[in-house]
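J.: query_36.txt is the file, holding compact mmCIF, C-alpha atoms and all ligand atoms:
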# COMPACT_ATOMS: atom_id res chain seq x y z
CA MET A 650 6.07 -12.18 21.89
CA GLY A 651 3.03 -9.99 22.49
CA LYS A 652 0.43 -9.08 19.90
CA ILE A 653 0.81 -6.15 17.51
CA LYS A 654 -2.31 -4.03 17.85
CA ILE A 655 -3.27 -2.32 14.62
CA ALA A 656 -5.94 0.10 13.46
CA LEU A 657 -7.18 -0.14 9.86
CA ILE A 658 -8.29 3.07 8.16
CA GLY A 659 -10.31 2.08 5.09
CA ILE A 660 -11.72 -1.46 5.07
CA GLY A 661 -11.36 -2.01 1.33
CA ASN A 662 -9.69 -4.77 -0.64
CA CYS A 663 -6.20 -4.23 0.80
CA ALA A 664 -7.48 -4.40 4.38
CA SER A 665 -9.46 -7.51 3.45
CA SER A 666 -6.41 -9.32 2.07
CA LEU A 667 -4.25 -8.30 5.02
CA MET A 668 -6.78 -9.52 7.56
CA GLN A 669 -7.41 -12.77 5.68
CA GLY A 670 -3.64 -13.31 5.67
CA ILE A 671 -3.34 -12.89 9.44
CA TYR A 672 -5.75 -15.84 9.85
CA TYR A 673 -4.53 -17.82 6.84
CA TYR A 674 -0.99 -18.06 8.26
CA ASN A 675 -2.22 -18.86 11.77
CA ASP A 676 -2.09 -22.62 11.37
CA LYS A 677 0.72 -22.78 8.82
CA ASP A 678 4.04 -24.40 9.35
CA PRO A 679 6.86 -21.99 8.39
CA LYS A 680 8.16 -24.66 5.98
CA ASP A 681 5.07 -24.59 3.80
CA ALA A 682 3.90 -21.02 4.34
CA ILE A 683 3.77 -19.72 0.78
CA GLY A 684 3.76 -16.04 -0.13
CA LEU A 685 5.79 -14.31 2.57
CA MET A 686 9.05 -12.41 2.31
CA HIS A 687 9.72 -13.16 5.99
CA TRP A 688 8.02 -15.66 8.29
CA ASP A 689 9.71 -14.26 11.38
CA VAL A 690 10.47 -10.56 11.83
CA GLY A 691 12.43 -10.07 15.05
CA GLY A 692 10.34 -12.81 16.68
CA TYR A 693 6.99 -11.62 15.30
CA LYS A 694 4.99 -14.02 13.10
CA PRO A 695 2.23 -12.95 10.67
CA TYR A 696 -0.48 -14.14 13.09
CA ASP A 697 0.87 -11.94 15.90
CA ILE A 698 -0.99 -9.02 14.33
CA GLU A 699 -4.35 -8.17 15.86
CA VAL A 700 -6.88 -5.70 14.46
CA VAL A 701 -8.18 -3.62 17.38
CA THR A 702 -9.82 -0.73 15.50
CA ALA A 703 -11.36 -0.39 12.06
CA ILE A 704 -12.60 2.80 10.41
CA ASP A 705 -14.67 3.25 7.25
CA ILE A 706 -17.54 5.36 5.92
CA ASP A 707 -19.47 2.87 3.77
CA LYS A 708 -22.96 1.86 4.96
CA ARG A 709 -22.25 -1.81 4.23
CA LYS A 710 -19.23 -1.80 6.55
CA VAL A 711 -19.86 0.72 9.35
CA ASN A 712 -21.23 -0.87 12.57
CA LYS A 713 -20.41 -4.37 11.27
CA ASP A 714 -17.80 -6.58 12.84
CA VAL A 715 -14.59 -6.04 10.88
CA GLY A 716 -14.30 -9.81 10.29
CA GLU A 717 -17.54 -9.52 8.33
CA ALA A 718 -17.00 -6.04 6.83
CA ILE A 719 -13.89 -7.15 4.92
CA PHE A 720 -16.15 -9.29 2.70
CA ALA A 721 -18.85 -6.63 2.17
CA LYS A 722 -19.45 -4.93 -1.18
CA PRO A 723 -17.93 -3.21 -3.02
CA ASN A 724 -14.89 -5.26 -1.94
CA CYS A 725 -14.18 -7.77 -4.67
CA THR A 726 -10.79 -9.26 -3.96
CA THR A 727 -10.33 -12.99 -3.89
CA MET A 728 -11.39 -14.85 -0.73
CA PHE A 729 -8.35 -16.98 -0.02
CA TYR A 730 -9.38 -17.45 3.61
CA LYS A 731 -13.13 -17.28 4.05
CA ASP A 732 -13.19 -18.36 7.71
CA VAL A 733 -12.05 -15.04 9.21
CA PRO A 734 -14.04 -14.93 12.46
CA LYS A 735 -16.00 -12.05 13.91
CA ILE A 736 -13.53 -10.53 16.34
CA GLY A 737 -15.71 -8.24 18.42
CA VAL A 738 -14.42 -5.06 16.77
CA ASP A 739 -17.09 -3.05 14.95
CA VAL A 740 -16.13 -0.72 12.13
CA ILE A 741 -16.59 2.84 13.30
CA MET A 742 -17.77 5.77 11.20
CA GLY A 743 -14.89 7.98 10.08
CA LYS A 744 -14.81 11.45 8.58
CA VAL A 745 -15.59 11.49 4.85
CA LEU A 746 -13.83 14.73 3.77
CA ASP A 747 -12.33 14.11 0.30
CA GLY A 748 -12.31 10.31 0.65
CA ILE A 749 -14.92 9.92 -2.08
CA GLY A 750 -14.65 11.55 -5.48
CA PRO A 751 -17.86 13.05 -6.96
CA HIS A 752 -17.70 10.72 -10.00
CA MET A 753 -18.11 7.66 -7.72
CA LYS A 754 -21.85 8.46 -7.42
CA GLU A 755 -22.36 7.69 -11.11
CA PHE A 756 -21.74 3.95 -10.72
CA PRO A 757 -23.91 1.02 -9.48
CA GLU A 758 -23.82 0.48 -5.70
CA ASP A 759 -22.10 -2.90 -6.05
CA GLN A 760 -19.11 -1.21 -7.67
CA THR A 761 -18.82 2.00 -5.70
CA PHE A 762 -18.74 3.57 -2.21
CA VAL A 763 -22.05 4.38 -0.46
CA VAL A 764 -21.74 6.73 2.50
CA SER A 765 -23.28 5.61 5.79
CA GLU A 766 -25.58 7.92 7.71
CA ALA A 767 -24.10 6.80 11.03
CA LYS A 768 -22.76 9.45 13.39
CA GLU A 769 -19.09 10.27 13.01
CA ALA A 770 -17.01 8.68 15.78
CA ASP A 771 -14.44 10.50 17.89
CA VAL A 772 -11.46 8.89 16.16
CA VAL A 773 -8.82 10.00 18.69
CA SER A 774 -10.76 8.61 21.59
CA VAL A 775 -11.51 5.31 19.77
CA LEU A 776 -7.84 4.90 18.87
CA THR A 777 -6.77 5.62 22.43
CA LYS A 778 -9.29 3.30 24.06
CA SER A 779 -8.54 0.44 21.65
CA GLY A 780 -4.86 0.36 22.56
CA ALA A 781 -3.90 0.55 18.87
CA GLU A 782 -0.14 0.92 18.42
CA ILE A 783 0.06 1.22 14.63
CA ALA A 784 -2.46 2.57 12.09
CA LEU A 785 -2.50 1.60 8.42
CA ASN A 786 -3.88 4.11 5.99
CA TYR A 787 -5.84 2.45 3.17
CA LEU A 788 -7.92 5.37 1.91
CA PRO A 789 -8.66 5.94 -1.79
CA VAL A 790 -6.10 7.74 -3.94
CA GLY A 791 -6.63 11.50 -3.76
CA SER A 792 -7.76 11.50 -0.09
CA GLU A 793 -5.43 14.34 0.81
CA GLU A 794 -7.51 16.03 3.52
CA ALA A 795 -8.83 12.77 4.93
CA THR A 796 -5.33 11.33 5.20
CA ARG A 797 -4.08 14.44 7.01
CA PHE A 798 -7.06 14.24 9.35
CA TYR A 799 -6.24 10.64 10.33
CA VAL A 800 -2.51 11.42 10.58
CA ASN A 801 -3.31 14.14 13.11
CA CYS A 802 -5.62 11.79 15.02
CA CYS A 803 -2.81 9.23 15.21
CA LEU A 804 -0.35 11.86 16.42
CA GLU A 805 -2.79 12.92 19.11
CA ALA A 806 -3.48 9.34 20.16
CA ASN A 807 0.24 8.37 20.04
CA VAL A 808 -0.20 5.80 17.30
CA ALA A 809 2.53 4.96 14.74
CA PHE A 810 1.56 5.30 11.08
CA ILE A 811 2.01 3.21 7.94
CA ASN A 812 0.90 5.16 4.92
CA CYS A 813 -0.06 2.74 2.17
CA VAL A 814 -1.49 5.43 -0.12
CA PRO A 815 0.08 8.00 -2.44
CA VAL A 816 -0.54 11.04 -0.27
CA PHE A 817 2.87 12.31 0.74
CA ILE A 818 3.30 12.00 4.52
CA ALA A 819 6.40 9.92 5.29
CA SER A 820 8.16 11.68 2.41
CA LYS A 821 7.29 15.15 3.75
CA LYS A 822 9.54 16.78 6.32
CA GLU A 823 6.70 18.56 8.08
CA PHE A 824 4.97 15.29 9.07
CA VAL A 825 8.16 13.34 9.72
CA GLU A 826 9.22 15.98 12.27
CA LYS A 827 5.91 15.61 14.10
CA PHE A 828 6.32 11.85 14.38
CA LYS A 829 9.93 12.30 15.47
CA GLN A 830 8.91 14.72 18.20
CA LYS A 831 6.44 12.14 19.52
CA ASN A 832 9.02 9.36 19.12
CA LEU A 833 6.58 7.44 16.92
CA PRO A 834 7.73 5.47 13.87
CA ILE A 835 6.33 6.24 10.43
CA ILE A 836 6.57 4.20 7.20
CA GLY A 837 5.47 5.32 3.71
CA ASP A 838 4.36 6.31 1.18
CA ASP A 839 2.23 4.20 -1.21
CA VAL A 840 2.70 0.51 -0.65
CA LYS A 841 4.43 -1.58 -3.34
CA ALA A 842 3.28 -5.04 -4.31
CA GLN A 843 5.34 -8.18 -3.80
CA ILE A 844 5.50 -8.69 -7.57
CA GLY A 845 3.60 -5.81 -9.13
CA ALA A 846 4.02 -3.30 -11.92
CA THR A 847 6.37 -1.01 -9.99
CA ILE A 848 8.88 -3.58 -8.75
CA THR A 849 8.90 -5.33 -12.16
CA HIS A 850 9.41 -2.06 -14.03
CA ARG A 851 12.15 -0.99 -11.60
CA THR A 852 13.92 -4.34 -11.90
CA LEU A 853 13.87 -4.22 -15.70
CA ALA A 854 15.03 -0.60 -15.73
CA GLN A 855 17.89 -1.61 -13.44
CA LEU A 856 18.72 -4.46 -15.83
CA PHE A 857 18.97 -2.00 -18.72
CA VAL A 858 21.32 0.19 -16.61
CA ASP A 859 23.45 -2.75 -15.45
CA ARG A 860 23.80 -4.14 -18.98
CA GLY A 861 24.74 -0.80 -20.53
CA VAL A 862 21.52 -0.47 -22.54
CA LYS A 863 20.24 3.07 -23.07
CA LEU A 864 16.55 3.25 -22.17
CA ASP A 865 14.95 5.78 -24.51
CA ARG A 866 11.22 5.46 -23.82
CA THR A 867 8.87 3.49 -21.66
CA TYR A 868 5.24 3.15 -20.67
CA GLN A 869 3.37 1.23 -18.01
CA LEU A 870 -0.39 0.99 -18.56
CA ASN A 871 -2.53 -0.61 -15.88
CA THR A 872 -6.13 -1.75 -15.87
CA GLY A 873 -8.27 -3.16 -13.07
CA GLY A 874 -11.88 -3.51 -11.95
CA ASN A 875 -11.81 -2.71 -8.22
CA THR A 876 -12.85 0.54 -6.48
CA ASP A 877 -9.20 1.65 -6.49
CA PHE A 878 -9.29 1.71 -10.32
CA LEU A 879 -12.79 3.19 -10.40
CA ASN A 880 -11.66 5.98 -8.09
CA MET A 881 -8.61 6.60 -10.26
CA LEU A 882 -10.75 7.41 -13.31
CA ALA A 883 -10.80 10.96 -11.91
CA GLN A 884 -7.62 12.50 -13.30
CA GLU A 885 -7.61 15.25 -10.67
CA ARG A 886 -7.16 12.62 -7.90
CA LEU A 887 -4.17 11.05 -9.62
CA LYS A 888 -1.43 13.65 -9.33
CA SER A 889 0.44 12.06 -6.41
CA LYS A 890 -0.14 8.51 -7.68
CA LYS A 891 1.54 9.37 -10.98
CA ILE A 892 4.45 11.09 -9.22
CA SER A 893 4.86 8.13 -6.87
CA LYS A 894 4.82 5.49 -9.63
CA THR A 895 6.95 7.49 -12.06
CA GLU A 896 9.63 8.44 -9.52
CA ALA A 897 9.88 4.80 -8.44
CA VAL A 898 11.12 3.94 -11.95
CA GLN A 899 13.05 7.14 -12.69
CA SER A 900 15.05 6.74 -9.49
CA VAL A 901 16.86 3.61 -10.71
CA LEU A 902 18.07 5.26 -13.94
CA ASN A 903 21.44 7.02 -14.10
CA LYS A 904 19.71 9.97 -15.71
CA PRO A 905 15.93 10.38 -15.50
CA LEU A 906 14.02 10.23 -18.78
CA GLU A 907 12.46 13.41 -20.12
CA PRO A 908 8.79 13.54 -19.06
CA GLU A 909 7.58 13.02 -22.65
CA ASN A 910 9.47 9.69 -22.79
CA ILE A 911 7.92 8.07 -19.73
CA HIS A 912 4.22 7.40 -19.19
CA ILE A 913 3.16 5.50 -16.09
CA GLY A 914 -0.26 5.33 -14.56
CA PRO A 915 -3.56 3.67 -13.93
CA SER A 916 -5.09 3.61 -17.38
CA ASP A 917 -8.62 2.26 -17.29
CA TYR A 918 -11.37 0.68 -15.24
CA VAL A 919 -12.67 -2.64 -16.53
CA PRO A 920 -15.40 -3.78 -14.07
CA TRP A 921 -15.21 -7.51 -14.84
CA GLN A 922 -11.53 -7.60 -13.98
CA LYS A 923 -12.48 -6.95 -10.33
CA ASP A 924 -9.29 -7.10 -8.20
CA ASN A 925 -7.26 -8.55 -11.05
CA LYS A 926 -4.82 -5.92 -12.26
CA VAL A 927 -3.18 -6.18 -15.64
CA CYS A 928 -0.06 -4.21 -16.46
CA PHE A 929 1.19 -3.64 -20.00
CA LEU A 930 4.75 -2.53 -20.06
CA ARG A 931 6.94 -1.43 -22.96
CA MET A 932 10.58 -0.39 -22.86
CA GLU A 933 12.49 0.85 -25.88
CA GLY A 934 16.26 1.08 -25.80
CA ARG A 935 19.52 0.82 -27.68
CA VAL A 936 22.19 -1.85 -27.26
CA PHE A 937 25.75 -2.21 -28.57
CA GLY A 938 26.41 -0.09 -31.65
CA ASP A 939 23.35 2.08 -30.98
CA VAL A 940 21.14 -0.74 -32.28
CA PRO A 941 17.47 -0.52 -31.19
CA MET A 942 15.60 -3.13 -29.13
CA ASN A 943 12.32 -3.23 -27.30
CA LEU A 944 10.66 -5.26 -24.61
CA GLU A 945 6.93 -5.88 -24.07
CA LEU A 946 5.55 -7.48 -20.94
CA ARG A 947 2.07 -8.30 -19.67
CA LEU A 948 1.71 -8.91 -15.95
CA SER A 949 -1.51 -10.16 -14.38
CA VAL A 950 -1.89 -10.17 -10.60
CA GLU A 951 -4.55 -10.10 -7.89
CA ASP A 952 -3.88 -6.58 -6.66
CA SER A 953 -4.69 -6.64 -2.96
CA PRO A 954 -3.06 -9.82 -1.59
CA ASN A 955 0.01 -8.62 -3.49
CA SER A 956 0.09 -5.41 -1.41
CA ALA A 957 -0.64 -7.28 1.84
CA GLY A 958 2.57 -9.26 1.27
CA CYS A 959 4.48 -6.03 1.79
CA ALA A 960 2.24 -4.57 4.49
CA ILE A 961 2.69 -7.65 6.71
CA ASP A 962 6.44 -6.93 6.92
CA ALA A 963 6.00 -3.16 7.30
CA ILE A 964 3.73 -3.71 10.32
CA ARG A 965 6.22 -6.01 12.04
CA CYS A 966 9.16 -3.65 11.37
CA CYS A 967 7.09 -0.80 12.77
CA LYS A 968 6.48 -2.83 15.92
CA LEU A 969 10.21 -3.57 16.24
CA ALA A 970 10.85 0.19 16.11
CA LEU A 971 8.24 0.74 18.85
CA ASP A 972 9.85 -1.98 20.98
CA ARG A 973 13.25 -0.36 20.48
CA GLY A 974 12.01 3.17 21.22
CA ILE A 975 12.81 4.40 17.70
CA GLY A 976 10.73 7.26 16.26
CA GLY A 977 10.64 9.07 12.89
CA VAL A 978 10.92 7.57 9.42
CA LEU A 979 11.98 3.96 9.09
CA SER A 980 14.02 4.37 5.94
CA SER A 981 14.92 0.75 5.17
CA ILE A 982 11.44 -0.79 5.26
CA SER A 983 10.00 2.33 3.58
CA ALA A 984 12.45 1.94 0.68
CA TYR A 985 11.74 -1.78 0.43
CA THR A 986 7.96 -1.82 0.67
CA MET A 987 6.84 1.64 -0.49
CA LYS A 988 6.85 3.28 -3.92
CA HIS A 989 7.57 6.80 -2.66
CA PRO A 990 9.83 6.55 0.40
CA PRO A 991 11.68 9.59 1.74
CA GLN A 992 14.83 8.14 0.18
CA GLN A 993 14.95 5.66 -2.70
CA PHE A 994 17.48 2.80 -2.69
CA PRO A 995 18.01 0.04 -5.25
CA ASP A 996 15.77 -2.86 -4.22
CA ASN A 997 18.63 -5.27 -3.47
CA LYS A 998 20.27 -2.65 -1.24
CA ALA A 999 16.93 -1.94 0.49
CA LYS A 1000 16.51 -5.67 1.10
CA ASP A 1001 19.91 -5.83 2.86
CA MET A 1002 19.06 -2.72 4.88
CA VAL A 1003 15.79 -4.31 6.03
CA ARG A 1004 17.62 -7.47 7.12
CA GLU A 1005 20.07 -5.34 9.11
CA PHE A 1006 17.19 -3.43 10.69
CA MET A 1007 15.39 -6.64 11.63
CA GLN A 1008 18.58 -7.93 13.25
CA GLY A 1009 18.97 -4.69 15.20
CA GLU A 1010 22.09 -3.63 13.26
CA ARG A 1011 20.62 -0.37 12.01
CA GLN A 1012 18.51 2.32 13.59
CA SER A 1013 15.92 2.83 10.87
N1 LIG B 1101 -4.36 -2.81 -4.13
C1 LIG B 1101 -3.06 -2.60 -4.13
O1 LIG B 1101 -2.31 -3.49 -4.43
C2 LIG B 1101 -2.50 -1.27 -3.78
C3 LIG B 1101 -1.16 -1.06 -4.01
C4 LIG B 1101 -0.63 0.18 -3.69
C5 LIG B 1101 -1.40 1.14 -3.10
N2 LIG B 1101 -2.71 0.89 -2.88
C6 LIG B 1101 -3.49 1.96 -2.30
O2 LIG B 1101 -4.07 1.57 -1.07
C7 LIG B 1101 -5.32 2.25 -0.93
C8 LIG B 1101 -6.39 1.26 -0.59
O3 LIG B 1101 -6.57 0.37 -1.68
P1 LIG B 1101 -7.82 -0.60 -1.70
O4 LIG B 1101 -7.65 -1.42 -2.94
O5 LIG B 1101 -8.01 -1.26 -0.40
O6 LIG B 1101 -8.98 0.48 -1.93
P2 LIG B 1101 -10.55 0.30 -1.74
O7 LIG B 1101 -11.20 1.25 -2.67
O8 LIG B 1101 -10.92 -1.14 -1.84
O9 LIG B 1101 -10.80 0.75 -0.23
C9 LIG B 1101 -10.87 2.06 0.24
C10 LIG B 1101 -11.74 2.07 1.49
O10 LIG B 1101 -11.68 3.36 2.08
C11 LIG B 1101 -12.99 3.69 2.54
N3 LIG B 1101 -13.05 5.15 2.71
C12 LIG B 1101 -13.23 6.12 1.78
N4 LIG B 1101 -13.17 7.35 2.35
C13 LIG B 1101 -12.95 7.15 3.67
C14 LIG B 1101 -12.79 8.02 4.79
N5 LIG B 1101 -12.82 9.34 4.63
N6 LIG B 1101 -12.59 7.50 6.01
C15 LIG B 1101 -12.53 6.12 6.17
N7 LIG B 1101 -12.69 5.25 5.15
C16 LIG B 1101 -12.88 5.75 3.91
C17 LIG B 1101 -13.90 3.12 1.48
O11 LIG B 1101 -15.22 2.98 1.92
C18 LIG B 1101 -13.21 1.78 1.20
O12 LIG B 1101 -13.68 0.79 2.08
C19 LIG B 1101 -5.55 3.00 -2.25
O13 LIG B 1101 -5.13 4.34 -2.11
C20 LIG B 1101 -4.64 2.29 -3.20
O14 LIG B 1101 -4.22 3.08 -4.31
C21 LIG B 1101 -3.27 -0.29 -3.20
Could you write out this file's structure as structure tokens?

T.:
Amino acid sequence: MGKIKIALIGIGNCASSLMQGIYYYNDKDPKDAIGLMHWDVGGYKPYDIEVVTAIDIDKRKVNKDVGEAIFAKPNCTTMFYKDVPKIGVDVIMGKVLDGIGPHMKEFPEDQTFVVSEAKEADVVSVLTKSGAEIALNYLPVGSEEATRFYVNCCLEANVAFINCVPVFIASKKEFVEKFKQKNLPIIGDDVKAQIGATITHRTLAQLFVDRGVKLDRTYQLNTGGNTDFLNMLAQERLKSKKISKTEAVQSVLNKPLEPENIHIGPSDYVPWQKDNKVCFLRMEGRVFGDVPMNLELRLSVEDSPNSAGCAIDAIRCCKLALDRGIGGVLSSISAYTMKHPPQQFPDNKAKDMVREFMQGERQS
């Protein structure tokens, strides 16, 4: 099989974990490769992914080799594979637009973004020259304009798109049509974790439904200490994130809860937590005879490797679609790996759909 050439937009913690993973799995035997949903996706292995372009705006990353930039501040995720080599691809300067919230300036440099003074690159031309086939969007939450800018660059450069952030692209008709017209696949929006707050909350909500328990009220409070959580202190940047996370849970219920009975969101920034995310979840319901019960759960995960576990399958499914000449939304892998896909499916159904897609038994 050939290589899968990807462009990374935003070289933060998620990009770091993904790139570390590509090298980590390089010398693994499939038998003892821990942490993957699929070793082989239509013939593609995790190490078949190659980063050919990288875009950021931070002075500690721009003009550095991407193999080095993934470990630069303010990135703080765990280094599970420190020997990522320099690969001869320098991070280019992107377009800032609304990528950085004004409140980010109030924090120490080690914790926040610092804009580079380098000249903005011509993104379309860089994408085209690099031979990138698929771009992954890893911009901060609330980067509405910046995301649309990169989406348009990808359309112009004929690059497929995986939207890992909660800006609605794959779930918006207007953009989906554009990708369809160009016969380019698109996956999105807002990547899930392998075992994170969303999938756990969805699974438990499904359990309540399956066991005939009426869910009356629930909350999901999340804390973390990475730039993602720092960025999300600005309430005005959170609108889509809250919709994405809340709909992911509401969609498994027979009847959605009234808004006052469901509260889901990033809740606070705790610097020393770094990339460790802690989720506090409470569900209150009624069982047989209208008798009350409640459930409390605390989940602690390293945020970014957890998302890379989903991204690594999304990339390979996207490549399969390119190989098969399929454009437009890939509904199965979007439902399985994204919080806000164009169409929600129960996770077990989405899993079967992905298997069928990988085996070439379904179109999208
Ligand atoms: N960590 C997870 O598990 C997870 C899960 C779901 C979704 N996400 C989403 O994925 C996105 C990335 O997460 P992360 O943890 O890597 O974030 P991060 O804060 O570590 O990285 C964001 C990167 O984008 C860069 N950037 C900012 N504006 C830019 C612009 N205009 N052009 C190019 N680069 C720009 C920043 O310099 C930084 O390197 C976030 O939106 C996050 O909510 C993350």

J.: Kindly provide, as lines of an AutoDock Vina configuration file, the centre and edge lengths (Å, one decimal) of an axis-aligned box around all atoms of ligand LIG 1101 (chain B) given in the file, with 6 Å on each side.

T.:
center_x = -7.9
center_y = 2.9
center_z = 0.9
size_x = 26.6
size_y = 24.8
size_z = 22.6

J.: Within 6 Å of ligand LIG 1101 (chain B), counting only C-alpha atoms and all ligand atoms: which residues, as a ChimeraX atom specification?

T.: /A:658-664,704-707,724,743-746,748-749,762,787-790,795,813-814,839-842,876-877,952-953,955-956

J.: Could you turn the residues from that selection into a file that holds C-alpha atoms, as a compact mmCIF listing (two decimals), keeping the file's coordinate frame?

T.:
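Below you can see out_1.txt, which holds the result:
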# COMPACT_ATOMS: atom_id res chain seq x y z
CA ILE A 658 -8.29 3.07 8.16
CA GLY A 659 -10.31 2.08 5.09
CA ILE A 660 -11.72 -1.46 5.07
CA GLY A 661 -11.36 -2.01 1.33
CA ASN A 662 -9.69 -4.77 -0.64
CA CYS A 663 -6.20 -4.23 0.80
CA ALA A 664 -7.48 -4.40 4.38
CA ILE A 704 -12.60 2.80 10.41
CA ASP A 705 -14.67 3.25 7.25
CA ILE A 706 -17.54 5.36 5.92
CA ASP A 707 -19.47 2.87 3.77
CA ASN A 724 -14.89 -5.26 -1.94
CA GLY A 743 -14.89 7.98 10.08
CA LYS A 744 -14.81 11.45 8.58
CA VAL A 745 -15.59 11.49 4.85
CA LEU A 746 -13.83 14.73 3.77
CA GLY A 748 -12.31 10.31 0.65
CA ILE A 749 -14.92 9.92 -2.08
CA PHE A 762 -18.74 3.57 -2.21
CA TYR A 787 -5.84 2.45 3.17
CA LEU A 788 -7.92 5.37 1.91
CA PRO A 789 -8.66 5.94 -1.79
CA VAL A 790 -6.10 7.74 -3.94
CA ALA A 795 -8.83 12.77 4.93
CA CYS A 813 -0.06 2.74 2.17
CA VAL A 814 -1.49 5.43 -0.12
CA ASP A 839 2.23 4.20 -1.21
CA VAL A 840 2.70 0.51 -0.65
CA LYS A 841 4.43 -1.58 -3.34
CA ALA A 842 3.28 -5.04 -4.31
CA THR A 876 -12.85 0.54 -6.48
CA ASP A 877 -9.20 1.65 -6.49
CA ASP A 952 -3.88 -6.58 -6.66
CA SER A 953 -4.69 -6.64 -2.96
CA ASN A 955 0.01 -8.62 -3.49
CA SER A 956 0.09 -5.41 -1.41

J.: Do you have the CA of Gln830 (chain A)-CA of Val816 (chain A) distance handy?

T.: 21.1 Å

J.: For Glu699 (chain A), which residue among A:Ala784, A:Leu906, A:Leu853, A:Leu971 is the nearest when counting only C-alpha atoms?

T.: A:Ala784

J.: Work out how far apart CA of Lys890 (chain A) and CA of Phe994 (chain A) are and give it in Å to one decimal.

T.: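 CA of Phe994 (chain A) lies at a distance of 19.2 Å from CA of Lys890 (chain A).
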
J.: Just give me the gap between CA of Tyr673 (chain A) and CA of Tyr696 (chain A) in Å, one decimal is fine.

T.: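 The value is 8.3 Å.
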
J.: Which residue is closest to Lys654 (chain A)? Choose from A:Glu823, A:Glu896, A:Glu782, A:Asp681 and count only C-alpha atoms.

T.: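 Among the listed residues, the smallest separation from Lys654 (chain A) belongs to A:Glu782.
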
J.: Choose the residue, out of A:Ala854, A:Met728, A:Val775, A:Leu879, that has the smallest atom-to-atom separation from Lys904 (chain A); count all atoms listed in the file.

T.: A:Ala854

J.: Kindly indicate which residue among A:Met686, A:Leu887, A:Val940, A:Ile655 lies nearest to Lys1000 (chain A), using only C-alpha atoms for the distances.

T.: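 Result for the nearest residue to Lys1000 (chain A): A:Met686.
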
J.: With distances taken over only C-alpha atoms, which of A:Ser893, A:Ser949, A:Asn880, A:Asn871 is nearest to Pro751 (chain A)?

T.: A:Asn880

J.: Nearest to Gln1008 (chain A) among A:Lys713, A:Gly691, A:Glu933, A:Tyr918, with distances taken over all atoms listed in the file: which residue is it?

T.: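 Comparing A:Lys713, A:Gly691, A:Glu933, A:Tyr918 against Gln1008 (chain A), the winner is A:Gly691.
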
J.: For a quick check of your reading of the model, name the residues lying within 12 Å of the coordinate (16.7, -1.1, 20.1), counting all atoms listed in the file, and write them as a list in words.

T.: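 So the residues meeting the distance criterion are Gly691, Cys966, Lys968, Leu969, Ala970, Leu971, Asp972, Arg973, Gly974, Ile975, Gly976, Phe1006, Met1007, Gln1008, Gly1009, Glu1010, Arg1011, Gln1012 and Ser1013 of chain A.
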
J.: What does the file look like for those residues with C-alpha atoms, as a tab-separated table (two decimals), in the coordinates of the input?

T.:
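So part-v5.tsv came out as:
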chain	number	residue	atom	x	y	z
A	691	GLY	CA	12.43	-10.07	15.05
A	966	CYS	CA	9.16	-3.65	11.37
A	968	LYS	CA	6.48	-2.83	15.92
A	969	LEU	CA	10.21	-3.57	16.24
A	970	ALA	CA	10.85	0.19	16.11
A	971	LEU	CA	8.24	0.74	18.85
A	972	ASP	CA	9.85	-1.98	20.98
A	973	ARG	CA	13.25	-0.36	20.48
A	974	GLY	CA	12.01	3.17	21.22
A	975	ILE	CA	12.81	4.40	17.70
A	976	GLY	CA	10.73	7.26	16.26
A	1006	PHE	CA	17.19	-3.43	10.69
A	1007	MET	CA	15.39	-6.64	11.63
A	1008	GLN	CA	18.58	-7.93	13.25
A	1009	GLY	CA	18.97	-4.69	15.20
A	1010	GLU	CA	22.09	-3.63	13.26
A	1011	ARG	CA	20.62	-0.37	12.01
A	1012	GLN	CA	18.51	2.32	13.59
A	1013	SER	CA	15.92	2.83	10.87

J.: Give as a list of chain:residue names every residue, naming chains and numbers as the document does, that has an atom within 12 Å of (1.3, -19.9, 10.1), counting all atoms listed in the file.

T.: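 Output: A:Gly670, A:Ile671, A:Tyr672, A:Tyr673, A:Tyr674, A:Asn675, A:Asp676, A:Lys677, A:Asp678, A:Pro679, A:Lys680, A:Asp681, A:Ala682, A:Ile683, A:Gly684, A:Leu685, A:His687, A:Trp688, A:Asp689, A:Tyr693, A:Lys694, A:Pro695, A:Tyr696, A:Asp697, A:Ile698.
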
J.: So which residues touch Asn801 (chain A) within 10 Å, counting all atoms listed in the file, skipping near sequence neighbours fewer than 4 positions away, as a PyMOL selection string?

T.: chain A and resi 773+795-797+805-808+824+827-828

J.: Would you mind listing what lies within 9 Å of Cys967 (chain A) as a list in words, with all atoms listed in the file counted and same-chain residues fewer than 6 positions away left out?

T.: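 Residues meeting the cut-off are Ile783, Ala809, Phe810, Ile811, Pro834, Ile835, Ile836, Leu979 and Ile982 of chain A.
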